>>> print(open('data21.txt').read())   # compact mmCIF, C-alpha atoms
# COMPACT_ATOMS: atom_id res chain seq x y z
CA MET A 13 -18.75 15.64 -29.08
CA LYS A 14 -17.81 19.27 -28.53
CA LEU A 15 -17.48 22.00 -31.11
CA LEU A 16 -13.77 22.14 -30.27
CA THR A 17 -13.50 18.63 -31.66
CA HIS A 18 -15.84 19.23 -34.60
CA ASN A 19 -13.56 22.06 -35.66
CA MET A 20 -10.64 19.66 -36.07
CA LEU A 21 -12.51 16.91 -37.92
CA ALA A 22 -12.61 16.40 -41.67
CA CYS A 23 -14.23 13.61 -43.65
CA HIS A 24 -11.59 11.01 -44.46
CA ILE A 25 -13.46 8.96 -47.06
CA LYS A 26 -11.03 8.24 -49.87
CA GLY A 27 -11.23 10.68 -52.74
CA VAL A 28 -13.46 13.23 -51.06
CA LYS A 29 -12.32 16.80 -51.70
CA ASN A 30 -14.94 18.91 -49.99
CA ASN A 31 -14.49 17.34 -46.59
CA TYR A 32 -14.65 20.16 -44.06
CA PRO A 33 -16.45 20.92 -41.94
CA PHE A 34 -18.83 18.08 -41.22
CA LEU A 35 -22.48 19.04 -41.25
CA ILE A 36 -24.18 18.19 -37.99
CA GLU A 37 -27.47 16.40 -37.44
CA ALA A 38 -28.36 17.21 -33.85
CA ILE A 39 -30.82 14.94 -32.08
CA LYS A 40 -29.74 15.37 -28.47
CA VAL A 41 -27.64 18.27 -27.27
CA GLU A 42 -26.64 19.01 -23.68
CA SER A 43 -24.61 21.62 -21.90
CA ARG A 44 -22.01 20.38 -19.44
CA ASP A 45 -20.29 22.76 -17.07
CA ALA A 46 -16.63 23.38 -17.72
CA ASP A 47 -14.25 25.47 -15.65
CA TYR A 48 -13.76 28.86 -17.28
CA ASP A 49 -10.13 29.39 -18.24
CA PRO A 50 -9.70 32.59 -20.28
CA ASP A 51 -6.01 31.94 -20.78
CA PHE A 52 -6.71 28.58 -22.40
CA LEU A 53 -9.32 30.21 -24.62
CA ARG A 54 -6.95 32.94 -25.77
CA HIS A 55 -4.33 30.37 -26.69
CA ILE A 56 -6.63 27.99 -28.51
CA PHE A 57 -8.48 30.69 -30.41
CA PRO A 58 -5.92 30.89 -33.28
CA ARG A 59 -6.31 27.13 -33.88
CA ILE A 60 -10.06 27.44 -34.42
CA GLN A 61 -11.41 27.85 -37.96
CA TRP A 62 -14.02 30.47 -37.20
CA PRO A 63 -16.55 29.96 -40.06
CA ALA A 64 -16.65 26.21 -39.34
CA PHE A 65 -17.12 26.99 -35.65
CA LEU A 66 -20.09 29.22 -36.44
CA GLN A 67 -21.65 26.53 -38.63
CA GLY A 68 -21.30 24.00 -35.86
CA ALA A 69 -22.69 26.43 -33.30
CA GLN A 70 -25.69 27.03 -35.56
CA SER A 71 -26.41 23.29 -35.66
CA LEU A 72 -26.11 22.92 -31.90
CA GLY A 73 -28.20 25.96 -31.06
CA CYS A 74 -25.49 28.14 -29.55
CA ARG A 75 -24.77 30.47 -32.45
CA GLU A 76 -26.48 33.45 -30.86
CA GLY A 77 -24.14 36.12 -29.54
CA LEU A 78 -21.12 34.89 -31.49
CA PRO A 79 -19.65 37.47 -33.88
CA GLU A 80 -19.56 36.83 -37.65
CA ALA A 81 -15.84 37.53 -37.66
CA ALA A 82 -13.67 37.19 -34.61
CA SER A 83 -10.51 39.17 -34.03
CA GLU A 84 -7.69 39.04 -31.52
CA GLU A 85 -8.90 42.12 -29.69
CA MET A 86 -12.14 40.37 -28.77
CA LEU A 87 -10.02 38.11 -26.61
CA GLN A 88 -9.83 40.92 -24.06
CA ASP A 89 -13.61 41.13 -23.88
CA ASP A 90 -14.85 38.91 -21.08
CA SER A 91 -18.40 38.58 -22.39
CA PHE A 92 -17.09 37.33 -25.74
CA LEU A 93 -14.82 34.86 -23.98
CA GLN A 94 -17.71 33.55 -21.90
CA ARG A 95 -19.80 32.89 -25.01
CA PHE A 96 -16.82 31.37 -26.81
CA HIS A 97 -16.14 29.16 -23.77
CA HIS A 98 -19.73 27.97 -23.63
CA ALA A 99 -19.97 27.09 -27.32
CA LEU A 100 -16.50 25.56 -27.55
CA LEU A 101 -16.38 23.42 -24.41
CA GLU A 102 -19.77 23.12 -22.76
CA VAL A 103 -22.30 22.46 -25.52
CA THR A 104 -22.12 18.75 -26.28
CA LEU A 105 -23.70 16.69 -29.04
CA LEU A 106 -24.82 13.46 -27.39
CA GLU A 107 -26.93 11.88 -30.12
CA GLY A 108 -27.00 12.64 -33.82
CA ALA A 109 -24.63 12.40 -36.73
CA LEU A 110 -21.74 14.03 -38.52
CA VAL A 111 -22.51 14.30 -42.23
CA CYS A 112 -19.90 14.41 -44.97
CA PRO A 113 -20.45 17.65 -46.90
CA GLU A 114 -19.62 15.99 -50.22
CA THR A 115 -21.12 12.50 -50.04
CA GLY A 116 -23.81 12.91 -47.41
CA ARG A 117 -22.49 9.84 -45.59
CA LYS A 118 -23.61 9.90 -41.99
CA PHE A 119 -21.30 9.03 -39.14
CA PRO A 120 -23.42 8.35 -36.07
CA VAL A 121 -22.83 10.09 -32.76
CA SER A 122 -23.97 8.08 -29.79
CA LYS A 123 -23.46 8.79 -26.07
CA GLY A 124 -21.41 11.76 -27.14
CA ILE A 125 -18.96 9.65 -29.14
CA PRO A 126 -18.80 9.98 -32.93
CA ASN A 127 -18.15 6.69 -34.73
CA LEU A 128 -15.82 7.62 -37.55
CA LEU A 129 -14.79 4.10 -38.56
CA LEU A 130 -14.84 3.75 -42.34
CA ASN A 131 -16.36 0.92 -44.34
CA GLU A 132 -13.99 -1.15 -46.49
CA ASP A 133 -14.96 0.63 -49.68
CA GLU A 134 -14.32 4.05 -48.16
CA CYS A 135 -10.64 3.70 -47.30
CA GLN B 17 -10.45 -6.33 -36.41
CA HIS B 18 -9.80 -9.09 -33.94
CA VAL B 19 -7.70 -6.87 -31.74
CA VAL B 20 -10.64 -4.49 -31.47
CA ALA B 21 -13.02 -7.32 -30.59
CA VAL B 22 -10.76 -8.50 -27.82
CA TYR B 23 -10.29 -5.00 -26.42
CA ASP B 24 -14.05 -4.47 -26.51
CA ALA B 25 -14.52 -7.64 -24.50
CA ILE B 26 -11.97 -6.81 -21.85
CA ALA B 27 -12.31 -3.04 -21.77
CA SER B 28 -13.07 -2.64 -18.12
CA HIS B 29 -10.41 -5.06 -16.94
CA PHE B 30 -7.86 -3.58 -19.32
CA SER B 31 -8.70 -0.12 -18.11
CA ALA B 32 -8.16 -1.12 -14.52
CA THR B 33 -4.64 -2.27 -15.33
CA ARG B 34 -3.74 0.91 -17.18
CA PHE B 35 -3.36 3.73 -14.71
CA ALA B 36 0.31 4.67 -14.52
CA ILE B 37 1.38 7.84 -16.34
CA TRP B 38 4.62 7.13 -18.16
CA PRO B 39 7.26 9.73 -17.29
CA ALA B 40 8.34 10.28 -20.91
CA VAL B 41 4.77 10.99 -21.94
CA ARG B 42 4.29 13.32 -18.98
CA ARG B 43 7.42 15.22 -20.02
CA PHE B 44 6.11 15.45 -23.58
CA MET B 45 2.78 16.82 -22.38
CA GLU B 46 4.39 19.29 -20.01
CA ALA B 47 6.52 20.73 -22.81
CA LEU B 48 3.47 21.62 -24.90
CA PRO B 49 2.32 25.23 -25.04
CA LYS B 50 -0.94 26.25 -23.40
CA GLY B 51 -3.88 25.81 -25.73
CA ALA B 52 -2.14 23.10 -27.77
CA VAL B 53 -4.31 20.64 -29.68
CA VAL B 54 -3.15 17.06 -29.21
CA ALA B 55 -4.44 13.90 -30.87
CA ASP B 56 -4.15 10.87 -28.59
CA VAL B 57 -4.27 8.05 -31.12
CA GLY B 58 -5.29 4.80 -29.49
CA CYS B 59 -6.22 6.65 -26.31
CA GLY B 60 -7.50 3.54 -24.52
CA ASN B 61 -9.08 4.55 -21.23
CA GLY B 62 -8.11 8.20 -21.62
CA LYS B 63 -5.51 8.15 -18.91
CA TYR B 64 -3.51 11.00 -20.46
CA PHE B 65 -6.47 13.36 -20.66
CA GLY B 66 -5.91 14.94 -17.29
CA VAL B 67 -2.17 15.56 -17.42
CA ARG B 68 -2.68 19.10 -18.79
CA ARG B 69 -6.07 20.68 -18.44
CA ASP B 70 -4.96 23.66 -20.50
CA VAL B 71 -4.26 21.46 -23.52
CA ALA B 72 -7.03 20.09 -25.74
CA VAL B 73 -6.59 16.31 -25.97
CA LEU B 74 -8.69 14.65 -28.65
CA GLY B 75 -8.61 10.95 -27.95
CA SER B 76 -9.49 8.31 -30.52
CA ASP B 77 -9.71 4.55 -30.25
CA ALA B 78 -10.96 1.88 -32.60
CA SER B 79 -12.59 0.06 -29.70
CA ALA B 80 -16.05 1.37 -28.78
CA GLY B 81 -15.66 -0.19 -25.35
CA LEU B 82 -12.50 1.73 -24.57
CA ALA B 83 -13.85 4.93 -26.14
CA GLU B 84 -16.76 4.74 -23.71
CA VAL B 85 -14.42 4.36 -20.75
CA ALA B 86 -12.40 7.35 -21.98
CA ALA B 87 -15.60 9.37 -22.46
CA ARG B 88 -16.43 8.81 -18.78
CA ARG B 89 -13.06 10.36 -17.96
CA VAL B 90 -14.04 13.46 -19.93
CA ALA B 91 -17.45 13.90 -18.36
CA ALA B 92 -16.79 12.62 -14.85
CA PRO B 93 -19.38 13.78 -12.31
CA GLY B 94 -16.88 16.11 -10.67
CA ASP B 95 -18.34 15.49 -7.25
CA GLY B 96 -15.18 14.07 -5.79
CA SER B 97 -16.29 10.48 -6.21
CA GLY B 98 -13.72 9.71 -8.90
CA PRO B 99 -11.14 11.33 -11.13
CA GLU B 100 -11.75 14.99 -12.00
CA ARG B 101 -13.54 15.66 -15.25
CA VAL B 102 -11.50 16.97 -18.18
CA PRO B 103 -13.73 19.23 -20.25
CA THR B 104 -10.92 20.19 -22.60
CA ALA B 105 -10.70 16.56 -23.76
CA ASP B 106 -12.99 14.65 -26.08
CA VAL B 107 -13.24 11.15 -27.54
CA LEU B 108 -14.05 9.61 -30.88
CA GLN B 109 -14.12 6.11 -32.25
CA ALA B 110 -11.73 5.93 -35.19
CA ASP B 111 -9.11 3.70 -36.79
CA GLY B 112 -5.53 4.91 -36.48
CA MET B 113 -4.93 4.04 -40.11
CA ALA B 114 -7.64 6.48 -41.23
CA LEU B 115 -7.81 9.41 -38.85
CA PRO B 116 -10.61 11.94 -39.34
CA TYR B 117 -8.60 15.05 -38.54
CA ARG B 118 -7.82 17.84 -40.96
CA ALA B 119 -4.17 18.01 -41.98
CA GLY B 120 -2.02 20.16 -39.71
CA ALA B 121 -4.72 20.46 -37.06
CA CYS B 122 -2.52 19.25 -34.22
CA ASP B 123 0.37 20.69 -32.26
CA GLY B 124 1.11 17.28 -30.82
CA VAL B 125 0.32 13.61 -31.25
CA LEU B 126 0.44 10.86 -28.65
CA CYS B 127 0.63 7.28 -29.82
CA ILE B 128 1.26 5.20 -26.74
CA ALA B 129 1.65 1.43 -26.97
CA VAL B 130 -0.32 1.13 -30.20
CA LEU B 131 2.14 0.41 -33.01
CA HIS B 132 2.67 -3.21 -32.06
CA HIS B 133 -0.96 -3.93 -32.91
CA ILE B 134 -0.16 -3.23 -36.55
CA SER B 135 1.31 -6.31 -38.11
CA SER B 136 3.30 -5.31 -41.17
CA VAL B 137 6.11 -2.84 -41.68
CA ARG B 138 4.27 -1.39 -44.66
CA ARG B 139 1.15 -0.72 -42.63
CA ARG B 140 3.18 0.71 -39.79
CA LEU B 141 4.78 3.19 -42.19
CA THR B 142 1.34 4.18 -43.50
CA PHE B 143 0.23 4.67 -39.92
CA LEU B 144 3.22 6.84 -39.03
CA ALA B 145 2.66 8.94 -42.16
CA GLU B 146 -0.92 9.41 -41.03
CA LEU B 147 0.29 10.68 -37.64
CA ALA B 148 2.64 13.10 -39.38
CA ARG B 149 -0.20 14.40 -41.56
CA LEU B 150 -2.00 15.56 -38.45
CA LEU B 151 0.84 17.77 -37.28
CA ARG B 152 1.27 21.43 -38.07
CA PRO B 153 4.80 22.37 -39.18
CA GLY B 154 6.93 22.18 -36.06
CA GLY B 155 4.47 19.91 -34.26
CA ARG B 156 5.75 16.86 -32.37
CA ALA B 157 4.62 13.29 -31.96
CA ILE B 158 5.56 10.77 -29.31
CA VAL B 159 5.23 7.13 -30.30
CA THR B 160 5.96 4.43 -27.75
CA VAL B 161 6.10 0.74 -28.44
CA TRP B 162 6.91 -2.32 -26.42
CA ALA B 163 10.31 -3.80 -27.12
CA VAL B 164 10.28 -7.50 -27.81
CA GLU B 165 13.77 -7.79 -26.39
CA GLN B 166 12.92 -6.90 -22.82
CA GLU B 167 13.55 -10.45 -21.75
CA GLU B 168 13.83 -13.89 -23.29
CA PRO B 169 10.98 -14.31 -25.78
CA LYS B 170 10.01 -17.66 -24.28
CA LYS B 171 9.60 -16.07 -20.88
CA THR B 172 7.46 -13.27 -22.29
CA ILE B 173 5.28 -15.56 -24.35
CA ALA B 174 4.70 -17.83 -21.40
CA LYS B 175 2.89 -14.95 -19.74
CA TRP B 176 0.50 -14.44 -22.61
CA THR B 177 -2.97 -15.84 -22.81
CA ARG B 178 -3.66 -17.53 -26.08
CA ILE B 179 -7.06 -17.33 -27.66
CA PRO B 180 -7.18 -19.95 -30.42
CA ALA B 181 -8.74 -18.95 -33.70
CA PRO B 182 -12.23 -20.36 -34.05
CA ALA B 183 -12.45 -23.63 -35.98
CA PRO B 184 -15.68 -24.42 -37.86
CA THR B 185 -15.94 -27.85 -36.28
CA ALA B 186 -14.26 -27.34 -32.98
CA THR B 187 -13.85 -30.42 -30.86
CA SER B 188 -12.14 -30.51 -27.50
CA ASP B 189 -9.34 -32.61 -29.03
CA ALA B 190 -8.53 -30.10 -31.74
CA ALA B 191 -8.68 -27.23 -29.28
CA ALA B 192 -6.47 -29.03 -26.82
CA THR B 193 -3.83 -29.61 -29.49
CA THR B 194 -3.63 -25.97 -30.51
CA ALA B 195 -3.73 -24.81 -26.91
CA GLY B 196 -1.11 -27.22 -25.71
CA ASP B 197 2.29 -25.92 -26.65
CA GLY B 198 3.42 -22.69 -25.05
CA SER B 199 6.80 -22.45 -26.67
CA SER B 200 5.49 -22.41 -30.22
CA GLY B 201 2.88 -19.87 -29.26
CA GLY B 202 4.86 -16.97 -30.60
CA HIS B 203 4.72 -18.04 -34.23
CA THR B 204 2.31 -15.37 -35.27
CA SER B 205 4.46 -12.62 -33.84
CA THR B 206 7.99 -13.79 -34.51
CA GLY B 207 7.30 -15.21 -37.94
CA GLY B 208 7.55 -11.81 -39.57
CA PRO B 209 4.82 -9.65 -41.02
CA ASP B 210 4.17 -11.63 -44.18
CA ASN B 211 4.03 -14.91 -42.29
CA ALA B 212 1.48 -13.51 -39.94
CA ALA B 213 -0.63 -12.33 -42.84
CA ALA B 214 -0.34 -15.72 -44.52
CA THR B 215 -1.30 -17.72 -41.46
CA ALA B 216 -4.14 -15.37 -40.70
CA SER B 217 -5.61 -15.74 -44.13
CA LYS B 218 -5.74 -19.50 -43.83
CA ALA B 219 -9.01 -21.07 -42.92
CA ALA B 220 -9.97 -21.58 -39.32
CA GLY B 221 -7.40 -23.17 -37.09
CA GLY B 222 -4.61 -21.16 -38.75
CA ALA B 223 -3.62 -18.20 -36.58
CA ASP B 224 -3.81 -18.06 -32.82
CA TYR B 225 -4.24 -14.69 -31.23
CA MET B 226 -2.09 -13.65 -28.35
CA VAL B 227 -3.59 -11.48 -25.68
CA PRO B 228 -0.51 -10.20 -23.92
CA TRP B 229 -1.68 -10.23 -20.36
CA HIS B 230 -3.60 -12.50 -18.07
CA LEU B 231 -7.31 -12.23 -18.37
CA PRO B 232 -9.32 -12.94 -15.24
CA PHE B 233 -11.04 -15.96 -16.70
CA HIS B 234 -12.31 -16.92 -13.30
CA ARG B 235 -14.71 -14.04 -13.83
CA ALA B 236 -17.44 -15.65 -15.89
CA GLY B 237 -18.30 -12.52 -17.83
CA VAL B 238 -14.77 -12.14 -19.13
CA ALA B 239 -14.42 -15.74 -20.23
CA ALA B 240 -17.69 -15.67 -22.09
CA ALA B 241 -17.04 -12.30 -23.68
CA VAL B 242 -13.58 -13.24 -24.92
CA HIS B 243 -14.90 -16.54 -26.17
CA LEU B 244 -17.58 -14.83 -28.21
CA ALA B 245 -15.09 -12.28 -29.50
CA ALA B 246 -12.80 -15.05 -30.68
CA GLN B 247 -15.76 -16.73 -32.35
CA SER B 248 -17.02 -13.74 -34.24
CA GLY B 249 -13.92 -11.64 -34.78
CA GLY B 250 -11.44 -14.33 -35.64
CA ALA B 251 -11.65 -15.28 -39.30
CA GLY B 252 -9.46 -13.17 -41.57
CA GLY B 253 -8.68 -10.49 -39.01
CA GLY B 254 -5.66 -12.21 -37.59
CA ALA B 255 -3.00 -10.10 -39.24
CA GLU B 256 -3.57 -7.36 -36.68
CA ALA B 257 -3.20 -9.49 -33.58
CA GLN B 258 0.26 -8.91 -32.27
CA GLY B 259 1.48 -7.50 -29.01
CA VAL B 260 4.06 -7.79 -26.36
CA GLN B 261 3.29 -6.29 -22.98
CA GLN B 262 4.42 -7.06 -19.48
CA GLN B 263 4.56 -7.00 -15.74
CA GLN B 264 1.73 -4.82 -14.38
CA GLU B 265 -0.15 -7.99 -15.02
CA GLN B 266 1.91 -9.95 -12.50
CA GLN B 267 -0.86 -9.32 -10.05
CA ALA B 268 -3.53 -10.50 -12.44
CA GLY B 269 -1.19 -13.36 -13.29
CA LYS B 270 -1.21 -14.53 -9.70
CA GLN B 271 -4.97 -14.50 -9.75
CA GLN B 272 -4.94 -16.54 -12.91
CA GLY B 273 -2.48 -18.98 -11.38
CA GLY B 274 -5.05 -19.70 -8.74
CA ALA B 275 -7.83 -20.06 -11.24
CA ALA B 276 -5.88 -22.49 -13.40
CA SER B 277 -6.15 -25.18 -10.80
CA ARG B 278 -9.91 -25.15 -11.12
CA SER B 279 -11.11 -26.72 -14.33
CA SER B 280 -13.25 -24.42 -16.38
CA SER B 281 -16.85 -25.43 -16.20
CA PRO B 282 -18.93 -25.51 -19.39
CA SER B 283 -21.52 -23.20 -17.92
CA ARG B 284 -19.05 -20.32 -17.64
CA ALA B 285 -18.32 -20.13 -21.32
CA GLY B 286 -22.01 -20.45 -22.07
CA ALA B 287 -24.09 -17.72 -23.61
CA GLY B 288 -24.75 -19.90 -26.64
CA ALA B 289 -21.15 -20.21 -27.84
CA ALA B 290 -20.74 -23.25 -30.02
CA ALA B 291 -17.09 -24.12 -29.38
CA THR B 292 -16.18 -25.99 -26.26
CA PRO B 293 -14.81 -24.29 -23.15
CA ALA B 294 -11.60 -26.26 -23.52
CA ALA B 295 -10.70 -24.01 -26.45
CA VAL B 296 -9.98 -21.23 -23.97
CA ASP B 297 -6.67 -22.18 -22.48
CA GLU B 298 -6.32 -21.39 -18.80
CA SER B 299 -3.19 -23.40 -18.16
CA LYS B 300 -0.82 -20.58 -18.99
CA GLY B 301 -0.67 -19.40 -15.43
CA ALA B 302 3.08 -19.85 -15.08
CA VAL B 303 4.77 -16.54 -14.44
>>> encode(input="data21.txt", output="structure tokens")
Amino acid sequence: MKLLTHNMLACHIKGVKNNYPFLIEAIKVESRDADYDPDFLRHIFPRIQWPAFLQGAQSLGCREGLPEAASEEMLQDDSFLQRFHHALLEVTLLEGALVCPETGRKFPVSKGIPNLLLNEDEC
Amino acid sequence: QHVVAVYDAIASHFSATRFAIWPAVRRFMEALPKGAVVADVGCGNGKYFGVRRDVAVLGSDASAGLAEVAARRVAAPGDGSGPERVPTADVLQADGMALPYRAGACDGVLCIAVLHHISSVRRRLTFLAELARLLRPGGRAIVTVWAVEQEEPKKTIAKWTRIPAPAPTATSDAAATTAGDGSSGGHTSTGGPDNAAATASKAAGGADYMVPWHLPFHRAGVAAAVHLAAQSGGAGGGAEAQGVQQQQEQQAGKQQGGAASRSSSPSRAGAGAAATPAAVDESKGAV
């Protein structure tokens, strides 16, 4: 699971209000090369919730070098884009869990795939 | 439930028969802006991941087997030995009826050949509302379904492989009776949503599950896996098992036609399954 994905996920257990972002339990994290496409990054940047992105990056060990607040003008700065690229698309959670911020319910991540199927009493 | 079990069992064969990019879906993808976030609900083997590398496709599937195949598409070795990797895509295992995305997160939604797996109109409406929840204002979804009316229903159903629901005391006689009649095989799908739910909730022997393409039963692994899936996934999950698909499987159908002339040997459906091999009907080879 990439931080791009984590940024879009919210806990869907019925009745949960504080459902975003998932906390991350990181057991195995890897970096996988991805082609650098600054244009893609500039276009996807507005879709990213920045504080959630920072939280995720903290859990996956790639928080360093990312600014507390990100602004549009940073998108012209190549070194920012490189760090953004790395944290967004290359750092991958292979084993661990996504944890609901309200209930603590753990959704396992295995072989890079989060299992977000709900139990009967959760839907 | 049962649909997922069957897809898990046949994931690699299914994936091999799903490679063509549908033109309408390609057009939809090509119209998206750069940097769009797209949810591919029921992504199967991830075949749409690579259509636009400058679009983030988040694929989800309820089947762990298919999710794993799709994940290989994302992280392909990139050494020229197979399809190019798609680092802007990602995969999760999730149920379409309860999607774990925040509201308005997506610019686009793909839902290709999934809706027919949902048995009732009410549930389909819930599902479609769920897809709409994902979209930002102005976002677009493409939902494709198979039309029942592509040809005569009897002709379509004759191409399907039936997997009988597990019976607690399965004998070869009982299995042969349920497996025998091709023309009545469509009752779970044509009976209407409430009928399907009613038959499925009956005790064993009630609903049969239609797998709408020919499975290569001559491959021992597939026969055994499907058999076990029918055993364990069958009871009570039948309301979801509906589907009409076609043609691409002609080729697999010809293979099956050949296999039908060999009687299935007990050892192939082994792996400790209690029901007899005769419960898996291979005589549907007619195309």
>>> interface_residues(input="data21.txt", of="chain B", to="chain A", cutoff="9 Å", atoms="all atoms listed in the file", output="PyMOL selection string")
chain B and resi 49-53+69-72+74+78+80+83-84+87+91+101-111+114-119+121-122
>>> atom_distance(input="data21.txt", atom1="atom CA of Ala145 of chain B", atom2="atom CA of Ala157 of chain B")
11.3 Å
>>> atom_distance(input="data21.txt", atom1="atom CA of Glu37 of chain A", atom2="atom CA of Leu110 of chain A")
6.3 Å
>>> atom_distance(input="data21.txt", atom1="atom CA of Gly58 of chain B", atom2="atom CA of Gly112 of chain B")
7.0 Å
>>> axis_aligned_box(input="data21.txt", around="segment 121-125 of chain A", padding_each_side="4 Å", output="lines of an AutoDock Vina configuration file")
center_x = -21.5
center_y = 9.9
center_z = -29.4
size_x = 13.0
size_y = 11.7
size_z = 14.7
>>> residues_near_point(input="data21.txt", point="(-15.3, 34.2, -37.6)", cutoff="9 Å", atoms="all atoms listed in the file", output="PyMOL selection string")
chain A and resi 61-66+78-83
>>> residues_around(input="data21.txt", residues="Gly77 of chain A", least_positions_apart="6", cutoff="10 Å", atoms="all atoms listed in the file", output="list in words")
Ser91, Phe92, Arg95 and Phe96 of chain A
>>> closest_residue(input="data21.txt", among="A:Glu76, A:Glu84, A:Asp90, A:Glu107", to="Val41 of chain A", atoms="all atoms listed in the file")
A:Glu107
>>> closest_residue(input="data21.txt", among="A:Lys40, A:Leu93, A:Phe34, A:Gly27", to="Gly108 of chain A", atoms="all atoms listed in the file")
A:Lys40
>>> residues_near_point(input="data21.txt", point="(-20.4, 8.7, -48.7)", cutoff="10 Å", atoms="all atoms listed in the file", output="number ranges by chain")
A: 23, 25-26, 28, 111-119, 130-131, 133-134
>>> write_last_selection(input="data21.txt", atoms="C-alpha atoms", output="mmCIF file, in the frame of the given file")
data_model
loop_
_atom_site.group_PDB
_atom_site.id
_atom_site.type_symbol
_atom_site.label_atom_id
_atom_site.label_comp_id
_atom_site.auth_asym_id
_atom_site.auth_seq_id
_atom_site.Cartn_x
_atom_site.Cartn_y
_atom_site.Cartn_z
ATOM 1 C CA CYS A 23 -14.230 13.610 -43.650
ATOM 2 C CA ILE A 25 -13.460 8.960 -47.060
ATOM 3 C CA LYS A 26 -11.030 8.240 -49.870
ATOM 4 C CA VAL A 28 -13.460 13.230 -51.060
ATOM 5 C CA VAL A 111 -22.510 14.300 -42.230
ATOM 6 C CA CYS A 112 -19.900 14.410 -44.970
ATOM 7 C CA PRO A 113 -20.450 17.650 -46.900
ATOM 8 C CA GLU A 114 -19.620 15.990 -50.220
ATOM 9 C CA THR A 115 -21.120 12.500 -50.040
ATOM 10 C CA GLY A 116 -23.810 12.910 -47.410
ATOM 11 C CA ARG A 117 -22.490 9.840 -45.590
ATOM 12 C CA LYS A 118 -23.610 9.900 -41.990
ATOM 13 C CA PHE A 119 -21.300 9.030 -39.140
ATOM 14 C CA LEU A 130 -14.840 3.750 -42.340
ATOM 15 C CA ASN A 131 -16.360 0.920 -44.340
ATOM 16 C CA ASP A 133 -14.960 0.630 -49.680
ATOM 17 C CA GLU A 134 -14.320 4.050 -48.160
#
>>> closest_residue(input="data21.txt", among="B:Leu151, B:Val67, B:Val85, B:Val57", to="Leu126 of chain B", atoms="all atoms listed in the file")
B:Val57
>>> closest_residue(input="data21.txt", among="B:Val125, B:Ala92, B:Leu150, B:Val137", to="Phe44 of chain B", atoms="only C-alpha atoms")
B:Val125
